[in-house]
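For reference, the structure discussed in these notes is given below.
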Amino acid sequence: MATVSLRQEATELLQELIRVDTVNPPGNETRAAELLREYLGDHGIESELYAKVPERANLVARIPGKAGGPRLVLLSHTDTVLADPGEWQLDPWSGELRDGQVWGRGALDMKGQVAASAVAIASLAREGFEPGGDLIFAACADEEVGAGFGLQWLCQAHPEAVRAEYCVNEGAGDRLVLEGRAFYACSTAEKMSSPFRLTVYGRSGHASRPGIADNALVKAAPLIERLGQFQDGPELGPEVEAFLRTVTGTVPAPEDAVRAARQVHPLAGDIVEPLLGTTVAPTKVVASQKRNVIPARCELTVDCRILPGHTQAEVEAQIREFLGDAEYDFRWIEGHGGTRSPLATPLWDVIESFVEEIEPGAEVVPLLLSGFTDSHWLRDAFGTVAYGFFPMRTMEAEVAARLIHSADERIEVEDLELGVRFLRHAALEVGALPSDS
Ligand SMILES: [Zn+2]
C-alpha cells in the first residue's frame, strides 16, 4: 500500500510542477518553489526560499541531522528549456497522464526528479526519520542557462544552506544492456564546457572585384577544416578506465579503447569516444552581413570540451600549435565545469546496493559526462561527492535521450516510482553512516 501511495503522490506532484511554466529564460522558478514549499509544509517540513531576484527563487529544505553525520543533498533544478507546442502531440504544460506516462516539458529534465526527491524527503519526515547528518532537498533555479541565479549564486551567497558531503543530482541512471549484461550508469565527473572564438582579419571591398580585397571568410576556411580534424589524446581518466574495466573485463591501451568498447557493443564505443580527450567542434561563423561586401572580419565560434584535470591554457597552446602559422585572434568565451568526484566512496556503495536490490547481477558503471550539470558547483565550493543518478529502466535510455530538450518529453510512472525508491534508499543509507564518513 505504501508503495502505491508514493507513486501516486509523486505523479500528482510532477503533474502540478509541469503545469507551472518555468521555461528559462525567463525562468520564473519562484512559482515552482512556492508549490514545493506548500507541498513540503503539508508534511511538516519547513523550506527556505533564497532568491537573487524575487521571481527566481531557489528552495532549500532539510531534516536536521541528529548525530553530526555526513550531510546528503538531493539536488535538482526547477527550470526547463523552451517547448514549441506546434511540435508536440499534447500541450507541453498539460502534465497529462496517458498510458502510464506523465507528459510535459521537464518530465525527464528534470521535474520528475524534483518531484521524486520532494516525495522522498516528505515521506521520510512523515515516518519520523532521524538521519545522522542533515538530509537536504535543494530545488534550484537557472540550471539550463546558468545566468547566475541558481546554485552557483547560492553556493556563494548562502553556502551553509547547501554545504554537504554527498549529493545526488541528475546526469545518469539509465540502464544499458551490452552483450546481454545490464549496467546502470552513474555520472561522477564532467568535462569543462569551454567554447572559444577565433577571429580572422582581412580587408573589405566590393564583392564584384574580389582581387582588390582580402576576404576574411576565405582565410578562415582552412582553419575551420583543420579544426574539424583536431584529435586529442587518447588518454584514459579514472572514469573511462573504470567503465572499460567493468564493461570489457580489462583496461585496454588508450589507443585501443574505442575498438575494445565497440567490440562489446557499438553503444559502448560511442560512449567512450568523446571522453578520451578534449573535443572541438566549429559551430558558428559570422562574416559579411551583405552579399556584395567582402568581409574584413570573420568570427568563428568553436564548441570545446576539456577533460577534468586539464586547463584552458594547456588546450590553447595545443590548438595554436595544431593550427600552425595562420593569423587569428584566439579568445575563450567561458569555462564551466570540469570537476570530478572520486569513485570509491560510501555513496557509490549506496548506489550499488540499490541496483543489487532492484536487479541482482546488474552492475553500476561510472560515467564522465561531456555536458554540464550543477554538481560542478558543489564539488567546486565544498568538495562534495556529487553523483548523477536517477534510475530508469522502463523507458529505454535511447528513447529518453531523444526526448530530453525535444518534443513529446514524458516519463514512465514506473520510473518515477523507482526514483522515489532510490532516493529514499540513498537518504536512509547515508543517514546511517558514521560521523566520519
Ligand atoms: Zn537538467
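Order determines the names: the first chain of the C-alpha cells is A, the second B, and so forth; residues in each chain are numbered 1 upward, and ligands are numbered 1 upward as they are shown.
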Q | Test item: residues at most 10 Å from segment 397-409 of chain A, only C-alpha atoms, excluding those fewer than 4 positions along its chain, as a PyMOL selection string | A | chain A and resi 80-92+101-110+172-177+267+392-393
### Query
Could you list, as a list in words, all the residues within 7 Å of ligand 1, counting only C-alpha atoms and all ligand atoms?
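Checking only C-alpha atoms and all ligand atoms against ligand 1 at 7 Å gives His77, Asp109, Met110, Glu143, Glu144, Glu170 and Thr373 of chain A.
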Dump of all heavy atoms for the selected residues, as a PDB file, in the first residue's frame:
```pdb
ATOM      1  N   HIS A  77      16.894  20.887 -10.363  1.00  0.00           N
ATOM      2  CA  HIS A  77      16.592  22.237 -10.849  1.00  0.00           C
ATOM      3  C   HIS A  77      15.155  22.287 -11.346  1.00  0.00           C
ATOM      4  O   HIS A  77      14.631  21.309 -11.897  1.00  0.00           O
ATOM      5  CB  HIS A  77      17.577  22.695 -11.928  1.00  0.00           C
ATOM      6  CG  HIS A  77      17.568  21.899 -13.206  1.00  0.00           C
ATOM      7  ND1 HIS A  77      16.664  22.136 -14.220  1.00  0.00           N
ATOM      8  CD2 HIS A  77      18.350  20.884 -13.643  1.00  0.00           C
ATOM      9  CE1 HIS A  77      16.906  21.303 -15.233  1.00  0.00           C
ATOM     10  NE2 HIS A  77      17.923  20.523 -14.900  1.00  0.00           N
ATOM     11  N   ASP A 109      13.802  16.118 -17.686  1.00  0.00           N
ATOM     12  CA  ASP A 109      14.867  17.079 -17.343  1.00  0.00           C
ATOM     13  C   ASP A 109      14.258  18.335 -16.774  1.00  0.00           C
ATOM     14  O   ASP A 109      14.005  19.280 -17.506  1.00  0.00           O
ATOM     15  CB  ASP A 109      15.700  17.377 -18.595  1.00  0.00           C
ATOM     16  CG  ASP A 109      16.852  18.308 -18.301  1.00  0.00           C
ATOM     17  OD1 ASP A 109      17.173  18.500 -17.122  1.00  0.00           O
ATOM     18  OD2 ASP A 109      17.420  18.862 -19.262  1.00  0.00           O
ATOM     19  N   MET A 110      14.087  18.394 -15.413  1.00  0.00           N
ATOM     20  CA  MET A 110      14.190  17.273 -14.531  1.00  0.00           C
ATOM     21  C   MET A 110      13.153  17.351 -13.440  1.00  0.00           C
ATOM     22  O   MET A 110      13.389  17.055 -12.293  1.00  0.00           O
ATOM     23  CB  MET A 110      15.623  17.162 -13.952  1.00  0.00           C
ATOM     24  CG  MET A 110      16.007  18.300 -13.028  1.00  0.00           C
ATOM     25  SD  MET A 110      17.638  18.090 -12.211  1.00  0.00           S
ATOM     26  CE  MET A 110      17.426  16.726 -11.080  1.00  0.00           C
ATOM     27  N   GLU A 143      19.390  26.372 -14.032  1.00  0.00           N
ATOM     28  CA  GLU A 143      20.457  25.444 -14.428  1.00  0.00           C
ATOM     29  C   GLU A 143      20.652  25.462 -15.933  1.00  0.00           C
ATOM     30  O   GLU A 143      21.771  25.360 -16.426  1.00  0.00           O
ATOM     31  CB  GLU A 143      20.097  24.019 -13.962  1.00  0.00           C
ATOM     32  CG  GLU A 143      21.265  23.027 -14.073  1.00  0.00           C
ATOM     33  CD  GLU A 143      21.408  22.361 -15.428  1.00  0.00           C
ATOM     34  OE1 GLU A 143      20.444  22.386 -16.227  1.00  0.00           O
ATOM     35  OE2 GLU A 143      22.487  21.817 -15.710  1.00  0.00           O
ATOM     36  N   GLU A 144      19.565  25.610 -16.671  1.00  0.00           N
ATOM     37  CA  GLU A 144      19.643  25.450 -18.126  1.00  0.00           C
ATOM     38  C   GLU A 144      20.414  26.582 -18.813  1.00  0.00           C
ATOM     39  O   GLU A 144      21.038  26.358 -19.842  1.00  0.00           O
ATOM     40  CB  GLU A 144      18.227  25.333 -18.727  1.00  0.00           C
ATOM     41  CG  GLU A 144      17.444  24.098 -18.260  1.00  0.00           C
ATOM     42  CD  GLU A 144      18.001  22.778 -18.820  1.00  0.00           C
ATOM     43  OE1 GLU A 144      18.964  22.818 -19.602  1.00  0.00           O
ATOM     44  OE2 GLU A 144      17.457  21.720 -18.451  1.00  0.00           O
ATOM     45  N   GLU A 170      21.036  15.063 -11.092  1.00  0.00           N
ATOM     46  CA  GLU A 170      20.776  14.498 -12.415  1.00  0.00           C
ATOM     47  C   GLU A 170      22.096  14.148 -13.094  1.00  0.00           C
ATOM     48  O   GLU A 170      23.168  14.469 -12.601  1.00  0.00           O
ATOM     49  CB  GLU A 170      20.037  15.527 -13.282  1.00  0.00           C
ATOM     50  CG  GLU A 170      20.900  16.746 -13.616  1.00  0.00           C
ATOM     51  CD  GLU A 170      20.218  17.756 -14.523  1.00  0.00           C
ATOM     52  OE1 GLU A 170      19.281  17.385 -15.246  1.00  0.00           O
ATOM     53  OE2 GLU A 170      20.640  18.924 -14.517  1.00  0.00           O
ATOM     54  N   THR A 373      26.517  19.829 -15.490  1.00  0.00           N
ATOM     55  CA  THR A 373      25.401  19.831 -14.527  1.00  0.00           C
ATOM     56  C   THR A 373      25.790  20.676 -13.313  1.00  0.00           C
ATOM     57  O   THR A 373      26.956  21.017 -13.121  1.00  0.00           O
ATOM     58  CB  THR A 373      25.040  18.420 -14.001  1.00  0.00           C
ATOM     59  OG1 THR A 373      26.041  18.011 -13.071  1.00  0.00           O
ATOM     60  CG2 THR A 373      24.903  17.394 -15.115  1.00  0.00           C
TER      61      THR A 373
END
```
message = Show me, as a list in words, the residues that have an atom within 8 Å of segment 414-418 of chain A when counting only C-alpha atoms, minus same-chain residues fewer than 4 positions from it.
response =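 With the cut-off at 8 Å, the set is Leu6, Arg7, Ala10, Thr11, Gly100, Gly112, Gln113, Ala116, Pro391, Met392, Arg393, Thr394, Met395 and Phe422 of chain A.
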Residues as selected, C-alpha atoms, written as a PDB file, in the first residue's frame, can you do that?
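Below is the file that was written, result12.pdb:
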```
ATOM      1  CA  LEU A   6       4.174   7.184  -3.004  1.00  0.00           C
ATOM      2  CA  ARG A   7       3.754   6.507  -6.689  1.00  0.00           C
ATOM      3  CA  ALA A  10       4.994  11.668  -6.998  1.00  0.00           C
ATOM      4  CA  THR A  11       2.797  11.521 -10.103  1.00  0.00           C
ATOM      5  CA  GLY A 100       1.279   5.230 -17.605  1.00  0.00           C
ATOM      6  CA  GLY A 112      10.457  14.149 -12.437  1.00  0.00           C
ATOM      7  CA  GLN A 113      13.475  14.016 -10.157  1.00  0.00           C
ATOM      8  CA  ALA A 116      10.662  12.217  -6.605  1.00  0.00           C
ATOM      9  CA  PRO A 391      17.473   5.094 -12.118  1.00  0.00           C
ATOM     10  CA  MET A 392      15.417   4.435 -15.215  1.00  0.00           C
ATOM     11  CA  ARG A 393      14.606   1.030 -16.615  1.00  0.00           C
ATOM     12  CA  THR A 394      11.087   1.080 -18.050  1.00  0.00           C
ATOM     13  CA  MET A 395      11.828   3.698 -20.679  1.00  0.00           C
ATOM     14  CA  PHE A 422      16.198   5.050  -4.850  1.00  0.00           C
TER      15      PHE A 422
END
```
**Message:** Taking only C-alpha atoms into account, name the residue in A:Glu165, A:Glu412, A:Glu16, A:Glu190 that is nearest to Glu38 of chain A.
**Reply:**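 Once distances to Glu38 of chain A are computed over only C-alpha atoms, the minimum belongs to A:Glu16.
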Strand (DSSP E or B) call set, DSSP backbone run, segment 11-248 of chain A, as a PyMOL selection string:
chain A and resi 23+47-51+57-63+72-77+80+97-98+101-103+135-140+166-169+174-178+181-190+192-193+196-201+203+205-206+214
Any chance you can output those residues with C-alpha atoms as an mmCIF file, in the first residue's frame?
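Okay, result-v3.cif is ready:
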```
data_model
loop_
_atom_site.group_PDB
_atom_site.id
_atom_site.type_symbol
_atom_site.label_atom_id
_atom_site.label_comp_id
_atom_site.auth_asym_id
_atom_site.auth_seq_id
_atom_site.Cartn_x
_atom_site.Cartn_y
_atom_site.Cartn_z
ATOM 1 C CA VAL A 23 10.896 27.918 -19.284
ATOM 2 C CA SER A 47 11.504 25.449 3.474
ATOM 3 C CA GLU A 48 13.628 28.491 2.881
ATOM 4 C CA LEU A 49 13.482 30.418 -0.378
ATOM 5 C CA TYR A 50 16.735 32.072 -1.469
ATOM 6 C CA ALA A 51 16.428 34.476 -4.356
ATOM 7 C CA ALA A 57 13.907 31.606 -6.088
ATOM 8 C CA ASN A 58 15.887 28.526 -5.081
ATOM 9 C CA LEU A 59 14.216 26.341 -2.451
ATOM 10 C CA VAL A 60 16.112 24.537 0.298
ATOM 11 C CA ALA A 61 14.521 22.285 2.931
ATOM 12 C CA ARG A 62 16.033 19.856 5.398
ATOM 13 C CA ILE A 63 15.523 17.185 8.001
ATOM 14 C CA LEU A 72 23.252 14.483 1.840
ATOM 15 C CA VAL A 73 21.660 16.907 -0.584
ATOM 16 C CA LEU A 74 19.045 15.744 -3.059
ATOM 17 C CA LEU A 75 19.730 18.303 -5.758
ATOM 18 C CA SER A 76 17.530 19.288 -8.679
ATOM 19 C CA HIS A 77 16.592 22.237 -10.849
ATOM 20 C CA THR A 80 13.293 23.880 -18.170
ATOM 21 C CA LEU A 97 -1.129 11.222 -17.535
ATOM 22 C CA ARG A 98 -1.552 8.933 -20.530
ATOM 23 C CA GLN A 101 3.392 8.199 -18.645
ATOM 24 C CA VAL A 102 3.360 11.798 -17.443
ATOM 25 C CA TRP A 103 3.777 14.160 -20.384
ATOM 26 C CA LEU A 135 19.053 15.423 4.700
ATOM 27 C CA ILE A 136 18.729 18.418 2.380
ATOM 28 C CA PHE A 137 16.370 18.997 -0.530
ATOM 29 C CA ALA A 138 17.533 21.750 -2.898
ATOM 30 C CA ALA A 139 15.442 22.666 -5.945
ATOM 31 C CA CYS A 140 17.408 25.332 -7.762
ATOM 32 C CA TYR A 166 27.271 13.990 -0.518
ATOM 33 C CA CYS A 167 24.908 14.893 -3.313
ATOM 34 C CA VAL A 168 22.587 13.018 -5.657
ATOM 35 C CA ASN A 169 21.776 15.023 -8.791
ATOM 36 C CA ASP A 174 19.977 4.922 -17.379
ATOM 37 C CA ARG A 175 20.043 1.202 -17.822
ATOM 38 C CA LEU A 176 22.288 -0.036 -20.610
ATOM 39 C CA VAL A 177 22.228 -3.551 -21.983
ATOM 40 C CA LEU A 178 25.546 -4.517 -23.553
ATOM 41 C CA ARG A 181 24.524 -7.741 -19.454
ATOM 42 C CA ALA A 182 22.748 -4.912 -17.677
ATOM 43 C CA PHE A 183 24.504 -1.797 -16.416
ATOM 44 C CA TYR A 184 23.294 1.336 -14.682
ATOM 45 C CA ALA A 185 25.333 4.444 -15.422
ATOM 46 C CA CYS A 186 26.253 6.824 -12.622
ATOM 47 C CA SER A 187 27.883 10.120 -13.592
ATOM 48 C CA THR A 188 30.754 11.082 -11.329
ATOM 49 C CA ALA A 189 32.569 13.733 -13.363
ATOM 50 C CA GLU A 190 32.080 16.120 -16.233
ATOM 51 C CA MET A 192 34.638 21.572 -18.856
ATOM 52 C CA SER A 193 32.393 23.362 -21.316
ATOM 53 C CA PHE A 196 36.305 29.725 -27.809
ATOM 54 C CA ARG A 197 36.250 32.240 -30.634
ATOM 55 C CA LEU A 198 38.719 32.676 -33.465
ATOM 56 C CA THR A 199 38.675 35.972 -35.305
ATOM 57 C CA VAL A 200 40.344 36.263 -38.684
ATOM 58 C CA TYR A 201 41.003 39.658 -40.239
ATOM 59 C CA ARG A 203 40.298 43.868 -45.870
ATOM 60 C CA GLY A 205 35.945 45.554 -50.685
ATOM 61 C CA HIS A 206 33.218 45.315 -53.285
ATOM 62 C CA ASP A 214 41.370 40.338 -48.694
#
```
Of A:Val413, A:Leu378, A:Ile121, A:Ile333, the one sitting nearest Ala161 of chain A when using only C-alpha atoms is A:Leu378
DSSP-assigned helix (DSSP H, G or I) among segment 189-418 of chain A, expressed as a ChimeraX atom specification
/A:210-212,216-227,238-248,254-264,266-275,312-323,346-358,375-382,397-403,413-418
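Proximity to Val240 of chain A at 10 Å, evaluated using only C-alpha atoms and with sequence-adjacent residues fewer than 3 positions away removed, yields Glu235, Leu236, Gly237, Phe243, Leu244, Arg245, Thr246, Val251, Pro254, Ala257, Ile271, Val272, Glu273, Leu275, Leu276, Val365, Pro366, Leu367 and Leu368 of chain A.
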